[in-house]
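S.K.: I have a structure here, written as structure tokens, and I will follow up with some questions on it.
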Protein chains: 2
Amino acid sequence: MSNPNPTGMTAASDPPRRARGRPPDETKHAAILAAARALFFSGGLQSLSIEAVARAAHVSKVTVYAHFTDLPGLIRKVILAQRTDMTAALEGLPKTPGGLRQALIEFGLCLMDFLTGDEFLTLQRMLATQAGQQPWLGPLIYREGAEATCAKLARLLEASVERGDLRPHDSLQAAEQLLGMWQGIQTTGLLIGGCPPPTPEVLRRRIECGVDLILSAHAPASPAEDSASRDS
Amino acid sequence: MSNPNPTGMTAASDPPRRARGRPPDETKHAAILAAARALFFSGGLQSLSIEAVARAAHVSKVTVYAHFTDLPGLIRKVILAQRTDMTAALEGLPKTPGGLRQALIEFGLCLMDFLTGDEFLTLQRMLATQAGQQPWLGPLIYREGAEATCAKLARLLEASVERGDLRPHDSLQAAEQLLGMWQGIQTTGLLIGGCPPPTPEVLRRRIECGVDLILSAHAPASPAEDSASRDS
DNA sequence: TTATTACTGTACGGAATCGTTTAGTAAATG
DNA sequence: CATTTACTAAACGATTCCGTACAGTAATAA
């Protein structure tokens, strides 16, 4: 509103306009958030109360209220912070050189490593319980997580189509199928604590078989399969 | 223990050994359970408290304690009741006559109709939050639900192999892939309230494409594809 | 009828939180 | 210095829920 810098360009480093009184301690903010996350990770939303967070962060309860309006507000921030980590992890998925098959497998390995990790599963569980109360959170995560990843994978396939390594096909659908096969039934199993985490061998096999299935389905018409079954 | 009927055969209808005092009112038990389920369905585990259940069931709080020892005990029973419904629904999946493709599609339609329904999603959410507290629940549901379904699907494929409609292959793996493709990324999306429920058209398309992918991958060697691309 | 058991209603003590208030201390600006 | 803002510690009233207790009513068997 009453912006003292109407040029729109922030001069050098943001105007260090020290507000007037004692400056807010960013450390506290971080500590609270960290405590909240830690607390949640070791006991679910149940154990996430303002008072517990204040205790764990070695901070006055009032300070918590000063930084985060509500308990819902705090939860929201926790989830959003988690989201940031998550999307960062997804952005960092490999753009391996090498053949398409190898690239897909590499992609799948990294992705599944992430999806079967505690960090992600916990976030997922939190979202599942919050689905009712904070309906806007789900779509946000879904779009930035699942859909974005699917699109990324689809682009990988699309690129191969343009290079002639694959026949033209519905890449988005193929990406979805691939993701589905990678996850199989185990993802939900992990979510409900119904099965142990997959061994690397099982995971790798599932990923490779999925990739091969997709690749063979959309391989170029030439009967001599050359780009799909080469490198191990 | 002090069984008055040591023959093991229950004479006619179970001995109506009226216990001595006022008989327990089965109605109450059912009412409590129903109230608990309803209550959970409209507010998550959060809103599931002994007092709320007693209120909703029009029953004294003491009665609740008489029928279910604990709050955890009540939750346990709620989940187990839900499991019973669930497994029943899965048992009832169709054994359509007709061709393999049609049978698989029918199977997929019914299954996905179930998996994307509120009943199932809510159970899933409940389990996701309870994964920490009641570790034995997850495996139970997972085995009777996901794994049993997968095995059932695998048997369907296996039978086709024996009939010669499919080449020999790892049927269990194929079943997992099929289930994965059917669920795609949307199942978890639904769980976290991240996306709207799929339209029947989308669902049907996803199911059919998955089936076709699997079938074409394991079709018998004959180049004349006859059993896969027929009927629409 | 009497004994026995199921259920009701109400109340209690204890605990955990919530969100707010108050009074005081700490750190910065002018 | 005075002012302003951030933070602390402690307490408060309110709410909710737990699990239990008590006194009384209802239904059934002996």
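Following the order of the structure tokens, chains are lettered A, B, ..., residues in each are numbered from 1, and ligands are numbered from 1.
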Could you write out as number ranges by chain the residues of chain C within 7 Å of chain B, counting only C-alpha atoms (C1' of nucleotides)?

M.R.: C: 4-8

S.K.: Pull N, CA and C atoms (P, O5', C5', C4', C3', O3' and C1' of nucleotides) from the residues just selected and write them as a PDB file, in the first residue's frame.

M.R.:
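Saved file out-v8.pdb follows:
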ATOM      1  P    DT C   4     -27.643 -62.902  43.308  1.00  0.00           P
ATOM      2  O5'  DT C   4     -27.764 -62.518  41.779  1.00  0.00           O
ATOM      3  C5'  DT C   4     -28.347 -63.463  40.888  1.00  0.00           C
ATOM      4  C4'  DT C   4     -28.398 -62.879  39.480  1.00  0.00           C
ATOM      5  C3'  DT C   4     -27.228 -61.931  39.165  1.00  0.00           C
ATOM      6  O3'  DT C   4     -26.693 -62.286  37.908  1.00  0.00           O
ATOM      7  C1'  DT C   4     -29.283 -60.893  38.631  1.00  0.00           C
ATOM      8  P    DT C   5     -25.155 -61.836  37.573  1.00  0.00           P
ATOM      9  O5'  DT C   5     -25.397 -60.935  36.288  1.00  0.00           O
ATOM     10  C5'  DT C   5     -26.132 -61.467  35.195  1.00  0.00           C
ATOM     11  C4'  DT C   5     -26.844 -60.356  34.449  1.00  0.00           C
ATOM     12  C3'  DT C   5     -25.939 -59.200  33.994  1.00  0.00           C
ATOM     13  O3'  DT C   5     -25.916 -59.151  32.576  1.00  0.00           O
ATOM     14  C1'  DT C   5     -27.995 -58.426  34.877  1.00  0.00           C
ATOM     15  P    DA C   6     -25.118 -58.029  31.783  1.00  0.00           P
ATOM     16  O5'  DA C   6     -26.314 -57.004  31.449  1.00  0.00           O
ATOM     17  C5'  DA C   6     -27.375 -57.435  30.622  1.00  0.00           C
ATOM     18  C4'  DA C   6     -28.180 -56.245  30.132  1.00  0.00           C
ATOM     19  C3'  DA C   6     -27.337 -55.118  29.546  1.00  0.00           C
ATOM     20  O3'  DA C   6     -28.010 -54.602  28.412  1.00  0.00           O
ATOM     21  C1'  DA C   6     -28.561 -54.304  31.409  1.00  0.00           C
ATOM     22  P    DC C   7     -27.290 -53.487  27.549  1.00  0.00           P
ATOM     23  O5'  DC C   7     -27.864 -52.153  28.179  1.00  0.00           O
ATOM     24  C5'  DC C   7     -29.240 -51.836  27.992  1.00  0.00           C
ATOM     25  C4'  DC C   7     -29.583 -50.671  28.876  1.00  0.00           C
ATOM     26  C3'  DC C   7     -28.794 -49.380  28.609  1.00  0.00           C
ATOM     27  O3'  DC C   7     -29.606 -48.467  27.879  1.00  0.00           O
ATOM     28  C1'  DC C   7     -29.209 -49.781  30.929  1.00  0.00           C
ATOM     29  P    DT C   8     -29.079 -47.014  27.657  1.00  0.00           P
ATOM     30  O5'  DT C   8     -29.574 -46.271  28.973  1.00  0.00           O
ATOM     31  C5'  DT C   8     -30.969 -46.182  29.241  1.00  0.00           C
ATOM     32  C4'  DT C   8     -31.211 -45.122  30.282  1.00  0.00           C
ATOM     33  C3'  DT C   8     -30.506 -43.792  30.008  1.00  0.00           C
ATOM     34  O3'  DT C   8     -31.427 -42.736  30.145  1.00  0.00           O
ATOM     35  C1'  DT C   8     -29.981 -44.564  32.185  1.00  0.00           C
TER      36       DT C   8
END

S.K.: Write out as a list in words each polymer residue whose atoms come within 12 Å of DA11 of chain C, counting only C-alpha atoms (C1' of nucleotides); drop sequence neighbours fewer than 6 positions from it.

M.R.: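 Using only C-alpha atoms (C1' of nucleotides), the neighbours found are DT20, DA21, DC22 and DA23 of chain D.
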
S.K.: Please identify all residues of chain D having at least one atom at most 6 Å from any atom of chain B, considering only C-alpha atoms (C1' of nucleotides), and return them as an MDAnalysis selection string.

M.R.: chainID D and resid 27:29

S.K.: Next, write the just-selected residues to a file, as a tab-separated table (two decimals), in the first residue's frame, keeping C-alpha atoms (C1' of nucleotides) as the atom set.

M.R.:
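Generated file (again-v2.tsv):
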chain	number	residue	atom	x	y	z
D	27	DA	C1'	-36.15	-57.03	31.97
D	28	DT	C1'	-35.36	-61.64	32.70
D	29	DA	C1'	-34.43	-66.39	35.23

S.K.: Tell me which protein, DNA and RNA residues are within 9 Å of segment 108-124 of chain B, counting only C-alpha atoms (C1' of nucleotides), leaving out same-chain ones fewer than 5 positions away, and put them as a PyMOL selection string.

M.R.: (chain A and resi 128+188+191-192) or (chain B and resi 40-41+44+79+82-83+86+89-90+93-94+103+129+149+179+182-183+187+190-191+197-198+200+203-204+207-208+211)

S.K.: Please produce a file of those selected residues containing C-alpha atoms, as a tab-separated table (two decimals), in the first residue's frame.

M.R.:
chain	number	residue	atom	x	y	z
A	128	ALA	CA	-5.30	-37.75	4.07
A	188	THR	CA	-1.23	-47.60	-0.56
A	191	LEU	CA	0.48	-45.65	3.53
A	192	ILE	CA	-1.62	-47.75	5.84
B	40	PHE	CA	-16.31	-40.94	11.71
B	41	PHE	CA	-17.51	-40.64	8.17
B	44	GLY	CA	-12.64	-38.15	10.74
B	79	ILE	CA	-12.42	-50.62	11.40
B	82	GLN	CA	-15.66	-51.77	7.81
B	83	ARG	CA	-13.27	-54.49	6.80
B	86	MET	CA	-15.05	-54.37	2.30
B	89	ALA	CA	-17.65	-56.35	-1.61
B	90	LEU	CA	-14.42	-57.74	-2.98
B	93	LEU	CA	-16.57	-59.17	-7.76
B	94	PRO	CA	-18.00	-60.58	-10.96
B	103	ALA	CA	-14.09	-60.22	-18.01
B	129	THR	CA	-3.92	-42.14	10.50
B	149	THR	CA	-7.63	-58.88	-5.00
B	179	LEU	CA	-4.08	-52.86	-10.73
B	182	TRP	CA	-6.18	-48.91	-13.11
B	183	GLN	CA	-5.44	-46.87	-10.06
B	187	THR	CA	-6.21	-43.08	-6.17
B	190	LEU	CA	-8.63	-38.98	-4.15
B	191	LEU	CA	-7.24	-39.99	-0.81
B	197	PRO	CA	-13.66	-38.39	-8.58
B	198	PRO	CA	-13.13	-39.71	-12.08
B	200	PRO	CA	-17.22	-43.04	-15.64
B	203	LEU	CA	-12.43	-44.54	-15.63
B	204	ARG	CA	-13.62	-46.88	-18.34
B	207	ILE	CA	-9.40	-49.57	-17.43
B	208	GLU	CA	-9.70	-50.62	-21.04
B	211	VAL	CA	-6.31	-54.27	-20.06

S.K.: With the cut-off set at 8 Å and counting only C-alpha atoms, tabulate each residue of chain A with an atom at most that distance from an atom of chain B, showing the nearest atom pair and its distance in Å to one decimal, ordered by chain and increasing number, as JSON lines.

M.R.:
{"residue": "A:Gly43", "atom": "CA", "partner": "B:Gly132", "partner_atom": "CA", "distance": 7.5}
{"residue": "A:Gly44", "atom": "CA", "partner": "B:Thr129", "partner_atom": "CA", "distance": 7.4}
{"residue": "A:Gln124", "atom": "CA", "partner": "B:Ile192", "partner_atom": "CA", "distance": 7.2}
{"residue": "A:Arg125", "atom": "CA", "partner": "B:Ala128", "partner_atom": "CA", "distance": 5.6}
{"residue": "A:Met126", "atom": "CA", "partner": "B:Thr129", "partner_atom": "CA", "distance": 7.6}
{"residue": "A:Leu127", "atom": "CA", "partner": "B:Ile192", "partner_atom": "CA", "distance": 5.3}
{"residue": "A:Ala128", "atom": "CA", "partner": "B:Ile192", "partner_atom": "CA", "distance": 4.4}
{"residue": "A:Thr129", "atom": "CA", "partner": "B:Arg125", "partner_atom": "CA", "distance": 6.3}
{"residue": "A:Gln130", "atom": "CA", "partner": "B:Ile192", "partner_atom": "CA", "distance": 7.6}
{"residue": "A:Ala131", "atom": "CA", "partner": "B:Gly193", "partner_atom": "CA", "distance": 5.2}
{"residue": "A:Gly132", "atom": "CA", "partner": "B:Gly43", "partner_atom": "CA", "distance": 7.1}
{"residue": "A:Pro135", "atom": "CA", "partner": "B:Gly193", "partner_atom": "CA", "distance": 6.7}
{"residue": "A:Leu137", "atom": "CA", "partner": "B:Gly194", "partner_atom": "CA", "distance": 7.5}
{"residue": "A:Gly138", "atom": "CA", "partner": "B:Gly194", "partner_atom": "CA", "distance": 3.9}
{"residue": "A:Pro139", "atom": "CA", "partner": "B:Gly194", "partner_atom": "CA", "distance": 3.8}
{"residue": "A:Leu140", "atom": "CA", "partner": "B:Gly194", "partner_atom": "CA", "distance": 7.1}
{"residue": "A:Ile141", "atom": "CA", "partner": "B:Gly194", "partner_atom": "CA", "distance": 7.1}
{"residue": "A:Tyr142", "atom": "CA", "partner": "B:Gly194", "partner_atom": "CA", "distance": 5.2}
{"residue": "A:Arg143", "atom": "CA", "partner": "B:Gly194", "partner_atom": "CA", "distance": 7.6}
{"residue": "A:Ala146", "atom": "CA", "partner": "B:Ile185", "partner_atom": "CA", "distance": 6.6}
{"residue": "A:Glu176", "atom": "CA", "partner": "B:Gly184", "partner_atom": "CA", "distance": 5.7}
{"residue": "A:Gln177", "atom": "CA", "partner": "B:Met181", "partner_atom": "CA", "distance": 4.7}
{"residue": "A:Leu178", "atom": "CA", "partner": "B:Met181", "partner_atom": "CA", "distance": 7.3}
{"residue": "A:Leu179", "atom": "CA", "partner": "B:Gly184", "partner_atom": "CA", "distance": 6.5}
{"residue": "A:Gly180", "atom": "CA", "partner": "B:Gly184", "partner_atom": "CA", "distance": 4.1}
{"residue": "A:Met181", "atom": "CA", "partner": "B:Gly180", "partner_atom": "CA", "distance": 4.6}
{"residue": "A:Trp182", "atom": "CA", "partner": "B:Gly180", "partner_atom": "CA", "distance": 7.4}
{"residue": "A:Gln183", "atom": "CA", "partner": "B:Gly180", "partner_atom": "CA", "distance": 6.4}
{"residue": "A:Gly184", "atom": "CA", "partner": "B:Gly180", "partner_atom": "CA", "distance": 4.1}
{"residue": "A:Ile185", "atom": "CA", "partner": "B:Gly180", "partner_atom": "CA", "distance": 6.2}
{"residue": "A:Thr188", "atom": "CA", "partner": "B:Thr188", "partner_atom": "CA", "distance": 7.7}
{"residue": "A:Gly189", "atom": "CA", "partner": "B:Tyr142", "partner_atom": "CA", "distance": 6.1}
{"residue": "A:Leu191", "atom": "CA", "partner": "B:Ala128", "partner_atom": "CA", "distance": 5.7}
{"residue": "A:Ile192", "atom": "CA", "partner": "B:Ala128", "partner_atom": "CA", "distance": 4.4}
{"residue": "A:Gly193", "atom": "CA", "partner": "B:Gly138", "partner_atom": "CA", "distance": 5.0}
{"residue": "A:Gly194", "atom": "CA", "partner": "B:Pro139", "partner_atom": "CA", "distance": 3.8}
{"residue": "A:Cys195", "atom": "CA", "partner": "B:Pro139", "partner_atom": "CA", "distance": 6.0}
{"residue": "A:Gly210", "atom": "CA", "partner": "B:Gln177", "partner_atom": "CA", "distance": 7.4}
{"residue": "A:Leu213", "atom": "CA", "partner": "B:Ala217", "partner_atom": "CA", "distance": 7.0}
{"residue": "A:Ser216", "atom": "CA", "partner": "B:Ala217", "partner_atom": "CA", "distance": 7.8}
{"residue": "A:Ala217", "atom": "CA", "partner": "B:Leu213", "partner_atom": "CA", "distance": 6.9}

S.K.: Those residues you just picked out, can you put them in a file as a tab-separated table (two decimals), in the first residue's frame with N, CA and C atoms?

M.R.:
chain	number	residue	atom	x	y	z
A	43	GLY	N	4.56	-38.69	15.80
A	43	GLY	CA	3.34	-38.93	16.57
A	43	GLY	C	2.07	-38.49	15.87
A	44	GLY	N	2.21	-38.10	14.62
A	44	GLY	CA	1.02	-37.72	13.87
A	44	GLY	C	0.45	-36.38	14.30
A	124	GLN	N	1.79	-37.52	3.16
A	124	GLN	CA	0.60	-38.10	2.56
A	124	GLN	C	-0.44	-38.42	3.63
A	125	ARG	N	0.01	-39.03	4.70
A	125	ARG	CA	-0.92	-39.37	5.78
A	125	ARG	C	-1.53	-38.11	6.38
A	126	MET	N	-0.70	-37.11	6.54
A	126	MET	CA	-1.21	-35.86	7.09
A	126	MET	C	-2.29	-35.29	6.18
A	127	LEU	N	-2.02	-35.31	4.89
A	127	LEU	CA	-2.99	-34.78	3.94
A	127	LEU	C	-4.28	-35.59	3.97
A	128	ALA	N	-4.12	-36.90	4.07
A	128	ALA	CA	-5.30	-37.75	4.07
A	128	ALA	C	-6.23	-37.40	5.22
A	129	THR	N	-5.64	-37.09	6.36
A	129	THR	CA	-6.49	-36.74	7.51
A	129	THR	C	-7.02	-35.33	7.39
A	130	GLN	N	-6.26	-34.47	6.72
A	130	GLN	CA	-6.67	-33.08	6.62
A	130	GLN	C	-7.61	-32.82	5.45
A	131	ALA	N	-7.81	-33.85	4.65
A	131	ALA	CA	-8.60	-33.66	3.43
A	131	ALA	C	-9.93	-32.99	3.73
A	132	GLY	N	-10.52	-33.35	4.84
A	132	GLY	CA	-11.82	-32.77	5.17
A	132	GLY	C	-11.72	-31.32	5.59
A	135	PRO	N	-9.66	-28.25	2.50
A	135	PRO	CA	-9.87	-28.86	1.18
A	135	PRO	C	-8.97	-28.28	0.11
A	137	LEU	N	-5.77	-27.80	0.39
A	137	LEU	CA	-4.42	-28.34	0.45
A	137	LEU	C	-4.21	-29.49	-0.53
A	138	GLY	N	-5.20	-30.37	-0.56
A	138	GLY	CA	-5.08	-31.53	-1.42
A	138	GLY	C	-4.77	-31.17	-2.86
A	139	PRO	N	-5.62	-30.38	-3.48
A	139	PRO	CA	-5.38	-30.01	-4.86
A	139	PRO	C	-4.01	-29.40	-5.09
A	140	LEU	N	-3.59	-28.56	-4.14
A	140	LEU	CA	-2.29	-27.92	-4.28
A	140	LEU	C	-1.18	-28.95	-4.41
A	141	ILE	N	-1.15	-29.86	-3.45
A	141	ILE	CA	-0.10	-30.88	-3.45
A	141	ILE	C	-0.23	-31.80	-4.65
A	142	TYR	N	-1.47	-32.14	-4.95
A	142	TYR	CA	-1.70	-33.07	-6.06
A	142	TYR	C	-1.17	-32.48	-7.37
A	143	ARG	N	-1.48	-31.21	-7.56
A	143	ARG	CA	-1.06	-30.59	-8.81
A	143	ARG	C	0.46	-30.49	-8.90
A	146	ALA	N	1.85	-35.04	-7.99
A	146	ALA	CA	1.53	-36.12	-8.91
A	146	ALA	C	1.40	-35.62	-10.35
A	176	GLU	N	0.90	-41.96	-17.10
A	176	GLU	CA	0.06	-42.37	-15.98
A	176	GLU	C	0.15	-43.86	-15.75
A	177	GLN	N	0.12	-44.59	-16.84
A	177	GLN	CA	0.21	-46.05	-16.70
A	177	GLN	C	1.53	-46.45	-16.07
A	178	LEU	N	2.56	-45.79	-16.53
A	178	LEU	CA	3.89	-46.11	-16.00
A	178	LEU	C	3.95	-45.82	-14.50
A	179	LEU	N	3.48	-44.64	-14.14
A	179	LEU	CA	3.49	-44.29	-12.72
A	179	LEU	C	2.66	-45.28	-11.92
A	180	GLY	N	1.53	-45.64	-12.48
A	180	GLY	CA	0.68	-46.60	-11.80
A	180	GLY	C	1.38	-47.93	-11.58
A	181	MET	N	2.03	-48.40	-12.62
A	181	MET	CA	2.72	-49.69	-12.50
A	181	MET	C	3.86	-49.60	-11.51
A	182	TRP	N	4.54	-48.48	-11.50
A	182	TRP	CA	5.64	-48.33	-10.56
A	182	TRP	C	5.13	-48.40	-9.13
A	183	GLN	N	4.02	-47.74	-8.92
A	183	GLN	CA	3.49	-47.71	-7.57
A	183	GLN	C	2.79	-49.01	-7.21
A	184	GLY	N	2.14	-49.59	-8.18
A	184	GLY	CA	1.46	-50.85	-7.94
A	184	GLY	C	0.48	-50.75	-6.80
A	185	ILE	N	0.39	-51.82	-6.04
A	185	ILE	CA	-0.50	-51.78	-4.88
A	185	ILE	C	0.26	-51.46	-3.62
A	188	THR	N	-0.17	-47.74	-1.55
A	188	THR	CA	-1.23	-47.60	-0.56
A	188	THR	C	-0.96	-48.52	0.62
A	189	GLY	N	-0.33	-49.64	0.35
A	189	GLY	CA	0.03	-50.55	1.42
A	189	GLY	C	0.96	-49.88	2.42
A	191	LEU	N	1.21	-46.75	2.90
A	191	LEU	CA	0.48	-45.65	3.53
A	191	LEU	C	-0.26	-46.12	4.77
A	192	ILE	N	-0.85	-47.27	4.70
A	192	ILE	CA	-1.62	-47.75	5.84
A	192	ILE	C	-0.79	-48.68	6.72
A	193	GLY	N	0.50	-48.71	6.47
A	193	GLY	CA	1.36	-49.57	7.26
A	193	GLY	C	1.04	-51.03	7.08
A	194	GLY	N	0.63	-51.38	5.87
A	194	GLY	CA	0.17	-52.73	5.63
A	194	GLY	C	1.25	-53.66	5.13
A	195	CYS	N	2.34	-53.11	4.69
A	195	CYS	CA	3.41	-53.96	4.18
A	195	CYS	C	4.75	-53.28	4.41
A	210	GLY	N	7.85	-52.38	-15.75
A	210	GLY	CA	6.91	-51.37	-16.20
A	210	GLY	C	7.42	-50.63	-17.41
A	213	LEU	N	7.30	-52.78	-20.46
A	213	LEU	CA	5.94	-52.97	-20.97
A	213	LEU	C	5.50	-51.76	-21.79
A	216	SER	N	7.65	-51.50	-25.08
A	216	SER	CA	7.33	-52.49	-26.12
A	216	SER	C	5.97	-52.17	-26.74
A	217	ALA	N	5.11	-51.58	-25.95
A	217	ALA	CA	3.78	-51.26	-26.49
A	217	ALA	C	3.85	-50.16	-27.53

S.K.: Which value, in Å to one decimal, gives the distance between atom CA of Pro72 of chain B and atom CA of Val53 of chain B?

M.R.: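 Interatomic distance here is 13.1 Å.
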